[in-house]
Amino acid sequence: MSALDIHAAPRRGLPWSRVIGSVLLLMVAALAALGSLVVPGDPFAQSLAKALSGPEPAAPLGYDHLGRSIYHRLVHALRLSPLIALAAVATAGAAGLILGSLAAARGGWIDRALVMLADALLALPGLLLVLIVLAMMPGTAVGFWAGLSLVLWVEFFRLTRAATRETLASPAVQASRLLGFGPAYVFRIHVWPEIAPMMLTAAAFGTATAIMAIAALGFVYVGMRAPAPELGLMMVELLPYWREAPMALLSPVIATFVLLLGLTLLAGSREQ
Amino acid sequence: MSLLKAEDITVRDGGTTLLAPLSLSLEPGEPLVVLGETGSGKSLMAQALMGTLPPELQATGHVALGNRELNAGDPDRFRGLWGREIGVLPQEPWLSLDPLMRVDRQVAEAHALVRGLSRRDALARASVDLDALGLSGAGASYPHQLSGGMAQRVAIAAARAGGARIVIADEPTKGLDAARRDDVANLLLTEMGETGGILVITHDLALARRIGGRLIVLRAGAVVERGTTREIFAAPRAAYTKELFAADPENWTPRRQRAATGATVIGAKDLSVARAGRTLFSGLSFEILAGGILGVTGPSGCGKSSLGDALLGLVAPAQGTVARTPEAHPFAFQKLYQDPVAAFPRKRSLGKTLQDMQGLIKGQQPKIETLLDALGLDPRLLARRPGAVSGGELQRFALLRILLRQPRFVFADEPTSRLDPITQAKVIELFVRTAVQDNVALMLVSHDPALIRNTGDAVLSLDPASPPVGGELAETTPAASFGVS
Amino acid sequence: MTALAARLVQAAMVAVLIGIATFVMMRSLPGDAAWRIAAGRYGYDNVDAAAADAVRAELGLGGPVLPALLQWFGDLLRLDFGNSLVTGQPVMEEIAHQLGASVSLALVAVVLSLLIGPPLGILAGLRPGGVLDRALLVVSTGLKAVPQFLMALVLIVVIAVQMRWLPAAGHGELRHFVLPALTLALGLAAVNARIARDAMARIAGMPFWSFAQWKGLSERQVLFRHGLRNISVPLLTYLGLQFVTLVEGVIIVESIFGWPGIGHALVHAIFSRDVPMVQGTALVLGLGFVLVNAAIDFAVRRIDPRQAT
């Protein structure tokens with residue numbers, strides 16, 4: 001059996017799923033960033049006469065029920081929630097990383113208190129927390145950022161804490177400490193290489209979770225307010241007109257799916 | 001008539017031959033031992049006989065069992081033999097029992113499902129089987145509640161419950177203490193009886209000698225030597241067999257114990273260490289002098305590794321003190337690990353790790369190139385990660401890394417237990433030579449009493465069952481001394 | 001015992017967090033909250049300054065923060081959630097009404113997901129890299145990228161609007177269960193299947209799996225006697241963690257399909273700033289998670305003797 005170990009050499013290079021995921025995300029990002037430059041237009045301008053009419057050069061995806069260009073609303077929507085999501089993930093990731101390594105390195109009551117807090121947050125549905133924070137915050141975008149950060153840091157914290165604890169207890173770290181290396185070296189050489197791949201996965205999952213949450217709450221009218229161009233809100237507004245203008249509804253549906261699929265593929269499996 | 005006859009068994013991976021044509025026969029009441037190191041193809045041979053080779057490997061040859069003829073290239077046909085004709089005693093049986101099922105059920109299910117006994121009869125038979133193996137009352141236990149030796153006996157009962165007359169035992173002593181080796185051999189021989197057959201695959205010379213019968217020595221997929229076990233052990237003919245036997249710690253020439261030259265580097269006074277509330281040892285006092293080697297041995301769990309960790313300050317002693325020589329710098333006390341892969345940064349090349357070490361130490365220090373040369377390491381290995389070099393090479397890299405620190409004391413924790421005997425002999429020889437040359441105090445820990453006996457200036461046995469050994473050594477060898485109160 | 005203690009601590013922390021969050025929510029209500037609450041209780045025509053003052057005093061809205069917080073937690077401790085600001089009914093009664101509808105929907109969804117996901121996952125895990133394994137990977141990855149509301153939208157458009165097979169909304173009959181439960185079940189099954197697949201592949205690579213075969217057991221016997229029990233441990237553990245996903249799904253799906261459950265009520269309560277209702281529903285959901293996971297801890301201990309010590 002040991003003769004077979006050579007066959008079990010780790011595979012090099014990116015898995016295909018991550019490549020496809022990155023390509024999908026680049027496509028969405030390109031549409032969001034360059035969409036208004038390619039076809040200039042206003043996502044808020046209404047022309048009721050054109051309501052639910054089909055595509056034309058100034059509005060490549062046709063018009064919604066209020067005669068607004070779906071293309072331009074989509075381009076704006078693809079900037080809005082991904083940006084909020086990225087901001088929340090950045091905040092949550094930094095907080096989780098710092099608190100997680102602090103808890104693992106210090107142990108004691110800091111560790112216990114943070115774990116208790118994280119466990120309690122874990123028991124609460126994320127959407128519930130986001131909704132409560134939204135109810136208290138003045139602006140919807142800021143509310144989403146704060147609420148999502150509050151929800152998402154737990155995952156980063158748990159991952160960082162678990163990996164850091166395991167690494168710090170390993171013979172490799174013991175050996176480095178015996179040889180005289182300090183905490184900075186231990187973190188940079190031992191801990192970070194173990195955490196970094198997990199952080200990418202968690203960040204991709206977190207971004208997907210955040211985008212889903214914003215769209216889901218938009219879809220049930222408790223998220224972003226009209227007339228803001230937001231993916232979930234667009235879908236629920238266009239749902240009644242499905243028979244007259246199927247393309248109008250399908251545009252945000254497909255865009256959302258591509259965005260989330262890209263993130264899911266980029267995340268890869270949790271076991272990695 | 002032979003129980004099993006295998007003719008021209010070969011194993012290939014595409015164009016590479018992993019096992020050259022090998023024929024063997026298994027006679028009733030006469031064990032057959034296949035001896036070889038890792039990579040010798042001995043496990044592949046067993047897998048070919050059982051039809052369990054991974055699908056990417058191809059086998060050829062014929063196996064005759066009673067009046068049945070089987071083609072080794074058609075592994076699916078072998079499945080019907082499992083349990084009924086051939087029983088397999090797996091490596092590390094405590095991992096081979098279902099953790100969520102009572103052990104009597106695991107024996108009974110073979111009686112019921114393979115031999116067709118009723119549920120009640122099967123359980124009764126299982127209980128009889130376990131009683132016969134000295135496991136009365138253990139039937140209601142779960143595997144994690146059993147010791148390694150008990151799990152092995154359950155596994156052999158389960159393997160044979162289907163009625164198999166032939167038992168194939170693949171490395172049956174893997175993961176067991178040296179003291180358990182004879183138990184395993186006796187168990188296998190009893191199970192075989194007058195009419196059964198056993199095929200034992202091992203790298204363990206003591207086990208092979210104890211099993212007796214006939215012996216095949218394998219190396220790199222080819223037979224080196226075959227004959228009766230007794231004759232080969234008495235007078236090996238092939239050069240490789242001779243080298244293999246010479247590498248057995250039992251056959252090492254004992255080191256000439258040296259007189260004291262250096263000062264005391266590290267010492268323990270009235271030391272007790274406890275783990276999880278259990279006292280591992282107590283009242284231990286000894287000193288190790290520069291250039292002296294203290295060998296520590298004992299069964300697993302006796303606290304021999306904890307003793308080293310206590311000397312290094314990694315474990316707080318329950319009682320007593322550890323004294324280090326005041327003139328040594330704080331990082332002059334170092335450790336070599338049982339699994340060197342786990343002791344290096346996993347994702348960093350060896351070269352970078354060694355450079356980090358060099359960057360850490362200002363002032364005079366040995367050159368990496370010089371040390372590579374002295375330890376017989378190829379500089380090209382520096383580009384590799386720890387997982388991509390052999391165990392023997394990595395253990396030498398571990399030594400190189402701590403030599404950069406110019407250590408005064410090294411605690412080597414089972415440093416060769418995962419290496420093949422020939423590599424083990426070379427690595428231990430290197431460690432000893434380095435310790436003596438550089439005047440380093442060495443504490444060598446091993447589960448193998450022969451290795452310790454033939455290596456240490458003084459020997460400390462932590463076996464709780466037997467009194468500490470080596471009293472006369474303490475008097476005659478001042479290079480390391482100890483006393484136990 | 002320590003596991004039970006840990007769950008109790010978790011439950012207490014959940015209550016504290018919800019208590020603080022809803023207290024802050026209460027204090028930060030825009031406008032004259034007391035007036036609004038009084039209006040909610042007695043109707044806009046019957047509100048006067050005296051009624052508003054009474055509410056203000058009752059809820060400690062005007063006073064200093066600390067005594068008000070203590071009063072708030074005191075009420076929480078006595079399980080006195082007060083009355084809904086919207087309907088004026090006691091919060092406990094409202095929740096008792098809605099909980100049944102939610103629990104039945106969630107149970108149907110979980111059972112449905114367990115019928116779909118794990119069997120496929122086990123079959124895939126027995127042949128890693130096989131056709132089924134790869135197909136399952138593609139389908140489950142795709143499904144994981146579909147949020148529940150999008151799944152609901154697709155099912156409504158295809159099955160209710162285009163095919164006209166089932167009603168898009170409603171409650172009370174069996175057929176009303178199909179779409180909301182299926183929406184939830186597909187998302188859960190996508191994950192269940194992966195968990196079961198990975199567990200199966202891992203277990204099939206373990207020494208005890210081969211040893212069971214070597215004893216002479218057939219593939220099917222090995223799976224039923226040694227596979228399923230071992231798979232159930234990670235699957236159950238994961239099911240407990242999935243409870244949060246399930247609750248989030250219930251919140252969204254109930255709102256979409258007009259299902260008169262606790263999730264629907266929660267969204268309404270937050271939307272109308274009905275703080276006592278928010279507190280009550282949030283507490284029920286949070287403690288529900290702790291309760292379900294405590295039950296799962298217990299079940300896992302029964303199955304796996306190694307964890308019982």
# chains A, B, ... in the order shown; residues from 1 in each chain; ligands from 1
$ closest_atom_pairs --of "chain A" --to "chain B" --cutoff "8 Å" --atoms "only C-alpha atoms" --output "JSON lines"
{"residue": "A:Met1", "atom": "CA", "partner": "B:Ser43", "partner_atom": "CA", "distance": 6.0}
{"residue": "A:Ser2", "atom": "CA", "partner": "B:Gly39", "partner_atom": "CA", "distance": 6.2}
{"residue": "A:Ala3", "atom": "CA", "partner": "B:Gly39", "partner_atom": "CA", "distance": 4.8}
{"residue": "A:Ser170", "atom": "CA", "partner": "B:Ala342", "partner_atom": "CA", "distance": 7.2}
{"residue": "A:Pro171", "atom": "CA", "partner": "B:Ala343", "partner_atom": "CA", "distance": 4.9}
{"residue": "A:Ala172", "atom": "CA", "partner": "B:Ala343", "partner_atom": "CA", "distance": 3.7}
{"residue": "A:Val173", "atom": "CA", "partner": "B:Ala343", "partner_atom": "CA", "distance": 7.4}
{"residue": "A:Gln174", "atom": "CA", "partner": "B:Ala343", "partner_atom": "CA", "distance": 7.8}
{"residue": "A:Ala175", "atom": "CA", "partner": "B:Ala343", "partner_atom": "CA", "distance": 6.2}
{"residue": "A:Leu178", "atom": "CA", "partner": "B:Phe331", "partner_atom": "CA", "distance": 6.2}
{"residue": "A:Leu179", "atom": "CA", "partner": "B:Phe331", "partner_atom": "CA", "distance": 5.7}
{"residue": "A:Gly180", "atom": "CA", "partner": "B:Phe331", "partner_atom": "CA", "distance": 6.1}
{"residue": "A:Phe181", "atom": "CA", "partner": "B:Leu360", "partner_atom": "CA", "distance": 7.4}
{"residue": "A:Ile189", "atom": "CA", "partner": "B:Pro345", "partner_atom": "CA", "distance": 6.8}
{"residue": "A:His190", "atom": "CA", "partner": "B:Pro345", "partner_atom": "CA", "distance": 5.9}
{"residue": "A:Pro193", "atom": "CA", "partner": "B:Lys347", "partner_atom": "CA", "distance": 7.2}
$ write_last_selection --atoms "N, CA, C and O atoms" --output "PDB file, in the first residue's frame"
ATOM      1  N   MET A   1       0.821  -1.191   0.000  1.00  0.00           N
ATOM      2  CA  MET A   1       0.000   0.000   0.000  1.00  0.00           C
ATOM      3  C   MET A   1       0.861   1.250   0.000  1.00  0.00           C
ATOM      4  O   MET A   1       0.582   2.218  -0.672  1.00  0.00           O
ATOM      5  N   SER A   2       1.965   1.156   0.733  1.00  0.00           N
ATOM      6  CA  SER A   2       2.834   2.324   0.778  1.00  0.00           C
ATOM      7  C   SER A   2       3.496   2.553  -0.575  1.00  0.00           C
ATOM      8  O   SER A   2       3.887   3.663  -0.885  1.00  0.00           O
ATOM      9  N   ALA A   3       3.568   1.479  -1.381  1.00  0.00           N
ATOM     10  CA  ALA A   3       4.164   1.647  -2.701  1.00  0.00           C
ATOM     11  C   ALA A   3       3.312   2.572  -3.552  1.00  0.00           C
ATOM     12  O   ALA A   3       3.768   3.094  -4.561  1.00  0.00           O
ATOM     13  N   SER A 170       0.756  22.378  17.077  1.00  0.00           N
ATOM     14  CA  SER A 170       1.457  21.378  16.267  1.00  0.00           C
ATOM     15  C   SER A 170       2.932  21.302  16.634  1.00  0.00           C
ATOM     16  O   SER A 170       3.514  22.270  17.140  1.00  0.00           O
ATOM     17  N   PRO A 171       3.554  20.149  16.387  1.00  0.00           N
ATOM     18  CA  PRO A 171       4.992  20.023  16.621  1.00  0.00           C
ATOM     19  C   PRO A 171       5.800  21.061  15.839  1.00  0.00           C
ATOM     20  O   PRO A 171       6.829  21.527  16.313  1.00  0.00           O
ATOM     21  N   ALA A 172       5.294  21.441  14.643  1.00  0.00           N
ATOM     22  CA  ALA A 172       6.054  22.396  13.829  1.00  0.00           C
ATOM     23  C   ALA A 172       6.219  23.717  14.563  1.00  0.00           C
ATOM     24  O   ALA A 172       7.307  24.315  14.563  1.00  0.00           O
ATOM     25  N   VAL A 173       5.141  24.191  15.212  1.00  0.00           N
ATOM     26  CA  VAL A 173       5.233  25.452  15.941  1.00  0.00           C
ATOM     27  C   VAL A 173       6.085  25.265  17.196  1.00  0.00           C
ATOM     28  O   VAL A 173       6.903  26.117  17.541  1.00  0.00           O
ATOM     29  N   GLN A 174       5.909  24.127  17.853  1.00  0.00           N
ATOM     30  CA  GLN A 174       6.741  23.852  19.028  1.00  0.00           C
ATOM     31  C   GLN A 174       8.222  23.902  18.656  1.00  0.00           C
ATOM     32  O   GLN A 174       9.031  24.521  19.348  1.00  0.00           O
ATOM     33  N   ALA A 175       8.546  23.259  17.510  1.00  0.00           N
ATOM     34  CA  ALA A 175       9.944  23.246  17.066  1.00  0.00           C
ATOM     35  C   ALA A 175      10.438  24.654  16.782  1.00  0.00           C
ATOM     36  O   ALA A 175      11.533  25.040  17.201  1.00  0.00           O
ATOM     37  N   LEU A 178      11.047  26.478  20.016  1.00  0.00           N
ATOM     38  CA  LEU A 178      12.268  25.991  20.674  1.00  0.00           C
ATOM     39  C   LEU A 178      13.503  26.569  20.008  1.00  0.00           C
ATOM     40  O   LEU A 178      14.503  26.850  20.658  1.00  0.00           O
ATOM     41  N   LEU A 179      13.420  26.727  18.681  1.00  0.00           N
ATOM     42  CA  LEU A 179      14.579  27.232  17.951  1.00  0.00           C
ATOM     43  C   LEU A 179      14.730  28.742  18.120  1.00  0.00           C
ATOM     44  O   LEU A 179      15.739  29.306  17.719  1.00  0.00           O
ATOM     45  N   GLY A 180      13.729  29.392  18.687  1.00  0.00           N
ATOM     46  CA  GLY A 180      13.873  30.809  18.992  1.00  0.00           C
ATOM     47  C   GLY A 180      13.085  31.755  18.108  1.00  0.00           C
ATOM     48  O   GLY A 180      13.295  32.961  18.183  1.00  0.00           O
ATOM     49  N   PHE A 181      12.188  31.224  17.266  1.00  0.00           N
ATOM     50  CA  PHE A 181      11.394  32.124  16.429  1.00  0.00           C
ATOM     51  C   PHE A 181      10.288  32.768  17.252  1.00  0.00           C
ATOM     52  O   PHE A 181       9.704  32.137  18.141  1.00  0.00           O
ATOM     53  N   ILE A 189       4.582  32.230   8.965  1.00  0.00           N
ATOM     54  CA  ILE A 189       5.047  31.013   8.308  1.00  0.00           C
ATOM     55  C   ILE A 189       4.168  29.802   8.620  1.00  0.00           C
ATOM     56  O   ILE A 189       3.967  28.940   7.776  1.00  0.00           O
ATOM     57  N   HIS A 190       3.648  29.743   9.830  1.00  0.00           N
ATOM     58  CA  HIS A 190       2.872  28.547  10.195  1.00  0.00           C
ATOM     59  C   HIS A 190       1.371  28.770  10.081  1.00  0.00           C
ATOM     60  O   HIS A 190       0.665  27.971   9.496  1.00  0.00           O
ATOM     61  N   PRO A 193      -0.410  30.534   6.270  1.00  0.00           N
ATOM     62  CA  PRO A 193      -0.587  29.626   5.114  1.00  0.00           C
ATOM     63  C   PRO A 193      -1.724  28.613   5.318  1.00  0.00           C
ATOM     64  O   PRO A 193      -2.279  28.126   4.346  1.00  0.00           O
TER      65      PRO A 193
END
$ interface_residues --of "chain A" --to "chain C" --cutoff "9 Å" --atoms "only C-alpha atoms" --output "JSON, numbers by chain"
{"A": [116, 117, 119, 120, 121, 122, 123, 124, 125, 126, 127, 128, 129, 131, 132, 133, 135, 136, 137, 208, 209, 212, 213, 215, 216, 217, 219, 220, 222, 232, 235, 236, 239, 242, 243, 253, 256, 257, 258, 259, 260, 261, 262, 263, 264, 265]}
$ write_last_selection --atoms "C-alpha atoms" --output "PDB file, in the first residue's frame"
ATOM      1  CA  MET A 116     -19.943  32.209  23.779  1.00  0.00           C
ATOM      2  CA  LEU A 117     -20.875  35.267  21.747  1.00  0.00           C
ATOM      3  CA  ASP A 119     -22.206  30.434  19.521  1.00  0.00           C
ATOM      4  CA  ALA A 120     -25.151  32.615  20.457  1.00  0.00           C
ATOM      5  CA  LEU A 121     -25.029  34.457  17.126  1.00  0.00           C
ATOM      6  CA  LEU A 122     -24.817  31.109  15.364  1.00  0.00           C
ATOM      7  CA  ALA A 123     -28.164  30.149  16.868  1.00  0.00           C
ATOM      8  CA  LEU A 124     -29.874  33.187  15.357  1.00  0.00           C
ATOM      9  CA  PRO A 125     -30.955  33.205  11.741  1.00  0.00           C
ATOM     10  CA  GLY A 126     -28.797  35.721   9.893  1.00  0.00           C
ATOM     11  CA  LEU A 127     -31.747  37.266   8.121  1.00  0.00           C
ATOM     12  CA  LEU A 128     -33.348  38.006  11.493  1.00  0.00           C
ATOM     13  CA  LEU A 129     -30.284  39.913  12.694  1.00  0.00           C
ATOM     14  CA  LEU A 131     -33.718  42.738   9.676  1.00  0.00           C
ATOM     15  CA  ILE A 132     -33.350  43.972  13.256  1.00  0.00           C
ATOM     16  CA  VAL A 133     -30.286  46.046  12.409  1.00  0.00           C
ATOM     17  CA  ALA A 135     -34.908  48.536  11.520  1.00  0.00           C
ATOM     18  CA  MET A 136     -32.518  50.549  13.676  1.00  0.00           C
ATOM     19  CA  MET A 137     -30.127  51.998  11.114  1.00  0.00           C
ATOM     20  CA  ALA A 208     -22.788  34.953  -1.836  1.00  0.00           C
ATOM     21  CA  THR A 209     -24.692  34.835   1.468  1.00  0.00           C
ATOM     22  CA  MET A 212     -28.639  36.412  -1.367  1.00  0.00           C
ATOM     23  CA  ALA A 213     -29.796  38.137   1.818  1.00  0.00           C
ATOM     24  CA  ALA A 215     -31.956  40.118  -2.792  1.00  0.00           C
ATOM     25  CA  ALA A 216     -34.214  37.926  -0.650  1.00  0.00           C
ATOM     26  CA  LEU A 217     -35.263  40.810   1.572  1.00  0.00           C
ATOM     27  CA  PHE A 219     -37.943  40.299  -2.946  1.00  0.00           C
ATOM     28  CA  VAL A 220     -40.275  40.343   0.071  1.00  0.00           C
ATOM     29  CA  VAL A 222     -38.377  44.614   3.396  1.00  0.00           C
ATOM     30  CA  GLY A 232     -34.605  41.060  -5.619  1.00  0.00           C
ATOM     31  CA  MET A 235     -37.695  40.519  -9.708  1.00  0.00           C
ATOM     32  CA  VAL A 236     -40.703  41.034  -7.467  1.00  0.00           C
ATOM     33  CA  LEU A 239     -43.110  39.047 -11.532  1.00  0.00           C
ATOM     34  CA  TRP A 242     -44.194  37.532 -16.513  1.00  0.00           C
ATOM     35  CA  ARG A 243     -46.639  36.639 -19.279  1.00  0.00           C
ATOM     36  CA  VAL A 253     -32.973  36.220 -12.521  1.00  0.00           C
ATOM     37  CA  THR A 256     -28.361  36.841 -10.001  1.00  0.00           C
ATOM     38  CA  PHE A 257     -27.887  33.167 -10.757  1.00  0.00           C
ATOM     39  CA  VAL A 258     -24.657  33.766 -12.699  1.00  0.00           C
ATOM     40  CA  LEU A 259     -23.299  35.961  -9.925  1.00  0.00           C
ATOM     41  CA  LEU A 260     -24.103  33.450  -7.183  1.00  0.00           C
ATOM     42  CA  LEU A 261     -22.953  30.474  -9.232  1.00  0.00           C
ATOM     43  CA  GLY A 262     -19.632  32.213  -9.853  1.00  0.00           C
ATOM     44  CA  LEU A 263     -19.182  32.798  -6.129  1.00  0.00           C
ATOM     45  CA  THR A 264     -20.197  29.242  -5.220  1.00  0.00           C
ATOM     46  CA  LEU A 265     -17.724  27.801  -7.721  1.00  0.00           C
TER      47      LEU A 265
END
$ residues_around --residues "Ala95 in chain A" --least-positions-apart "2" --cutoff "12 Å" --atoms "only C-alpha atoms" --output "ChimeraX atom specification"
/A:88-93,97-103,114,149-158,160-161
$ residues_around --residues "Ala226 in chain A" --least-positions-apart "4" --cutoff "12 Å" --atoms "only C-alpha atoms" --output "VMD selection string"
chain A and resid 44 66 73 140 218 to 219 221 to 222 230 to 234 236 to 237
$ write_last_selection --atoms "N, CA and C atoms" --output "compact mmCIF listing (two decimals), in the first residue's frame"
# COMPACT_ATOMS: atom_id res chain seq x y z
N PHE A 44 -33.23 55.44 -13.67
CA PHE A 44 -34.43 55.94 -13.00
C PHE A 44 -35.41 56.61 -13.97
N LEU A 66 -42.64 50.43 -15.56
CA LEU A 66 -42.71 51.89 -15.49
C LEU A 66 -41.96 52.53 -16.65
N ARG A 73 -30.98 49.47 -15.18
CA ARG A 73 -31.31 49.12 -13.79
C ARG A 73 -30.46 47.92 -13.34
N THR A 140 -30.62 52.30 4.39
CA THR A 140 -30.75 50.88 4.13
C THR A 140 -29.40 50.25 3.79
N GLY A 218 -35.15 42.14 -0.46
CA GLY A 218 -35.74 43.00 -1.49
C GLY A 218 -36.97 42.34 -2.10
N PHE A 219 -36.87 41.04 -2.30
CA PHE A 219 -37.94 40.30 -2.95
C PHE A 219 -39.21 40.30 -2.10
N TYR A 221 -40.01 42.78 -0.09
CA TYR A 221 -40.32 44.19 0.16
C TYR A 221 -39.84 44.69 1.51
N VAL A 222 -38.86 44.05 2.14
CA VAL A 222 -38.38 44.61 3.40
C VAL A 222 -36.90 44.98 3.31
N GLU A 230 -32.41 47.15 -7.45
CA GLU A 230 -31.83 46.06 -6.66
C GLU A 230 -32.38 44.76 -7.22
N LEU A 231 -31.57 43.71 -7.20
CA LEU A 231 -31.91 42.47 -7.92
C LEU A 231 -33.24 41.88 -7.45
N GLY A 232 -33.39 41.69 -6.13
CA GLY A 232 -34.60 41.06 -5.62
C GLY A 232 -35.83 41.93 -5.86
N LEU A 233 -35.64 43.22 -5.64
CA LEU A 233 -36.73 44.17 -5.84
C LEU A 233 -37.18 44.18 -7.30
N MET A 234 -36.21 44.15 -8.22
CA MET A 234 -36.53 44.12 -9.65
C MET A 234 -37.38 42.89 -9.97
N VAL A 236 -39.35 41.05 -8.00
CA VAL A 236 -40.70 41.03 -7.47
C VAL A 236 -41.56 42.07 -8.19
N GLU A 237 -40.93 43.17 -8.65
CA GLU A 237 -41.69 44.17 -9.39
C GLU A 237 -42.12 43.64 -10.75
$ residues_around --residues "Gln91 in chain B" --least-positions-apart "3" --cutoff "6 Å" --atoms "only C-alpha atoms" --output "PDB file with N, CA, C and O atoms, in the first residue's frame"
ATOM      1  N   ASP B 170      -1.426  -8.913   7.536  1.00  0.00           N
ATOM      2  CA  ASP B 170      -0.587  -7.891   6.915  1.00  0.00           C
ATOM      3  C   ASP B 170      -0.052  -6.973   8.017  1.00  0.00           C
ATOM      4  O   ASP B 170      -0.818  -6.230   8.630  1.00  0.00           O
ATOM      5  N   GLU B 171       1.229  -7.028   8.275  1.00  0.00           N
ATOM      6  CA  GLU B 171       1.865  -6.213   9.321  1.00  0.00           C
ATOM      7  C   GLU B 171       1.098  -6.294  10.645  1.00  0.00           C
ATOM      8  O   GLU B 171       0.637  -5.275  11.165  1.00  0.00           O
ATOM      9  N   PRO B 172       0.950  -7.483  11.204  1.00  0.00           N
ATOM     10  CA  PRO B 172       0.101  -7.587  12.406  1.00  0.00           C
ATOM     11  C   PRO B 172       0.673  -6.885  13.630  1.00  0.00           C
ATOM     12  O   PRO B 172      -0.067  -6.690  14.593  1.00  0.00           O
TER      13      PRO B 172
END
$ closest_atom_pairs --of "chain C" --to "chain B" --cutoff "8 Å" --atoms "only C-alpha atoms" --output "Markdown table"
| residue | atom | partner | partner_atom | distance |
| --- | --- | --- | --- | --- |
| C:Met206 | CA | B:Ser96 | CA | 7.7 |
| C:Pro207 | CA | B:Ser96 | CA | 4.7 |
| C:Phe208 | CA | B:Ser96 | CA | 3.7 |
| C:Trp209 | CA | B:Ser96 | CA | 7.4 |
| C:Ser210 | CA | B:Ser96 | CA | 7.8 |
| C:Phe211 | CA | B:Ser96 | CA | 5.9 |
| C:Gln213 | CA | B:Trp82 | CA | 7.4 |
| C:Trp214 | CA | B:Trp82 | CA | 5.0 |
| C:Lys215 | CA | B:Gly83 | CA | 4.3 |
| C:Gly216 | CA | B:Gly83 | CA | 4.3 |
| C:Leu217 | CA | B:Val114 | CA | 6.6 |
| C:His226 | CA | B:Asp98 | CA | 6.7 |
| C:Arg229 | CA | B:Leu100 | CA | 7.4 |
| C:Asn230 | CA | B:Leu100 | CA | 7.0 |
| C:Ile303 | CA | B:Leu100 | CA | 6.9 |
| C:Asp304 | CA | B:Leu100 | CA | 5.6 |
| C:Pro305 | CA | B:Leu100 | CA | 6.6 |
| C:Arg306 | CA | B:His144 | CA | 6.9 |
$ write_last_selection --atoms "N, CA and C atoms" --output "compact mmCIF listing (two decimals), in the first residue's frame"
# COMPACT_ATOMS: atom_id res chain seq x y z
N MET C 206 -12.33 3.81 4.78
CA MET C 206 -11.80 3.48 6.11
C MET C 206 -11.51 1.99 6.21
N PRO C 207 -10.54 1.63 7.08
CA PRO C 207 -10.18 0.22 7.19
C PRO C 207 -11.36 -0.67 7.59
N PHE C 208 -12.29 -0.17 8.41
CA PHE C 208 -13.35 -1.07 8.86
C PHE C 208 -14.31 -1.42 7.73
N TRP C 209 -14.37 -0.57 6.74
CA TRP C 209 -15.20 -0.86 5.57
C TRP C 209 -14.62 -2.05 4.79
N SER C 210 -13.33 -2.00 4.50
CA SER C 210 -12.69 -3.12 3.79
C SER C 210 -12.77 -4.38 4.64
N PHE C 211 -12.56 -4.23 5.94
CA PHE C 211 -12.54 -5.41 6.80
C PHE C 211 -13.91 -6.09 6.80
N GLN C 213 -15.93 -6.18 4.38
CA GLN C 213 -15.99 -6.94 3.12
C GLN C 213 -15.17 -8.22 3.22
N TRP C 214 -14.00 -8.10 3.84
CA TRP C 214 -13.12 -9.27 3.94
C TRP C 214 -13.72 -10.35 4.83
N LYS C 215 -14.59 -9.94 5.74
CA LYS C 215 -15.25 -10.94 6.57
C LYS C 215 -16.20 -11.79 5.73
N GLY C 216 -16.52 -11.32 4.52
CA GLY C 216 -17.39 -12.09 3.64
C GLY C 216 -18.75 -11.45 3.44
N LEU C 217 -18.95 -10.25 3.97
CA LEU C 217 -20.24 -9.57 3.81
C LEU C 217 -20.37 -9.02 2.39
N HIS C 226 -22.84 -1.32 8.30
CA HIS C 226 -21.73 -0.47 8.77
C HIS C 226 -21.74 0.92 8.16
N ARG C 229 -25.19 3.73 9.67
CA ARG C 229 -25.06 4.25 11.01
C ARG C 229 -23.91 5.26 11.10
N ASN C 230 -22.82 4.95 10.42
CA ASN C 230 -21.68 5.86 10.46
C ASN C 230 -21.96 7.16 9.72
N ILE C 303 -25.97 7.22 19.30
CA ILE C 303 -25.47 6.42 18.17
C ILE C 303 -23.98 6.14 18.32
N ASP C 304 -23.24 7.15 18.75
CA ASP C 304 -21.78 7.03 18.76
C ASP C 304 -21.27 6.93 20.19
N PRO C 305 -20.93 5.72 20.64
CA PRO C 305 -20.52 5.56 22.04
C PRO C 305 -19.25 6.33 22.38
N ARG C 306 -18.44 6.66 21.34
CA ARG C 306 -17.20 7.37 21.63
C ARG C 306 -17.47 8.76 22.18
$ residues_around --residues "Asp75 in chain C" --least-positions-apart "5" --cutoff "12 Å" --atoms "only C-alpha atoms" --output "JSON, numbers by chain"
{"C": [15, 19, 23, 58, 59, 60, 68, 69, 70, 80, 81, 82, 83, 276, 279, 280]}
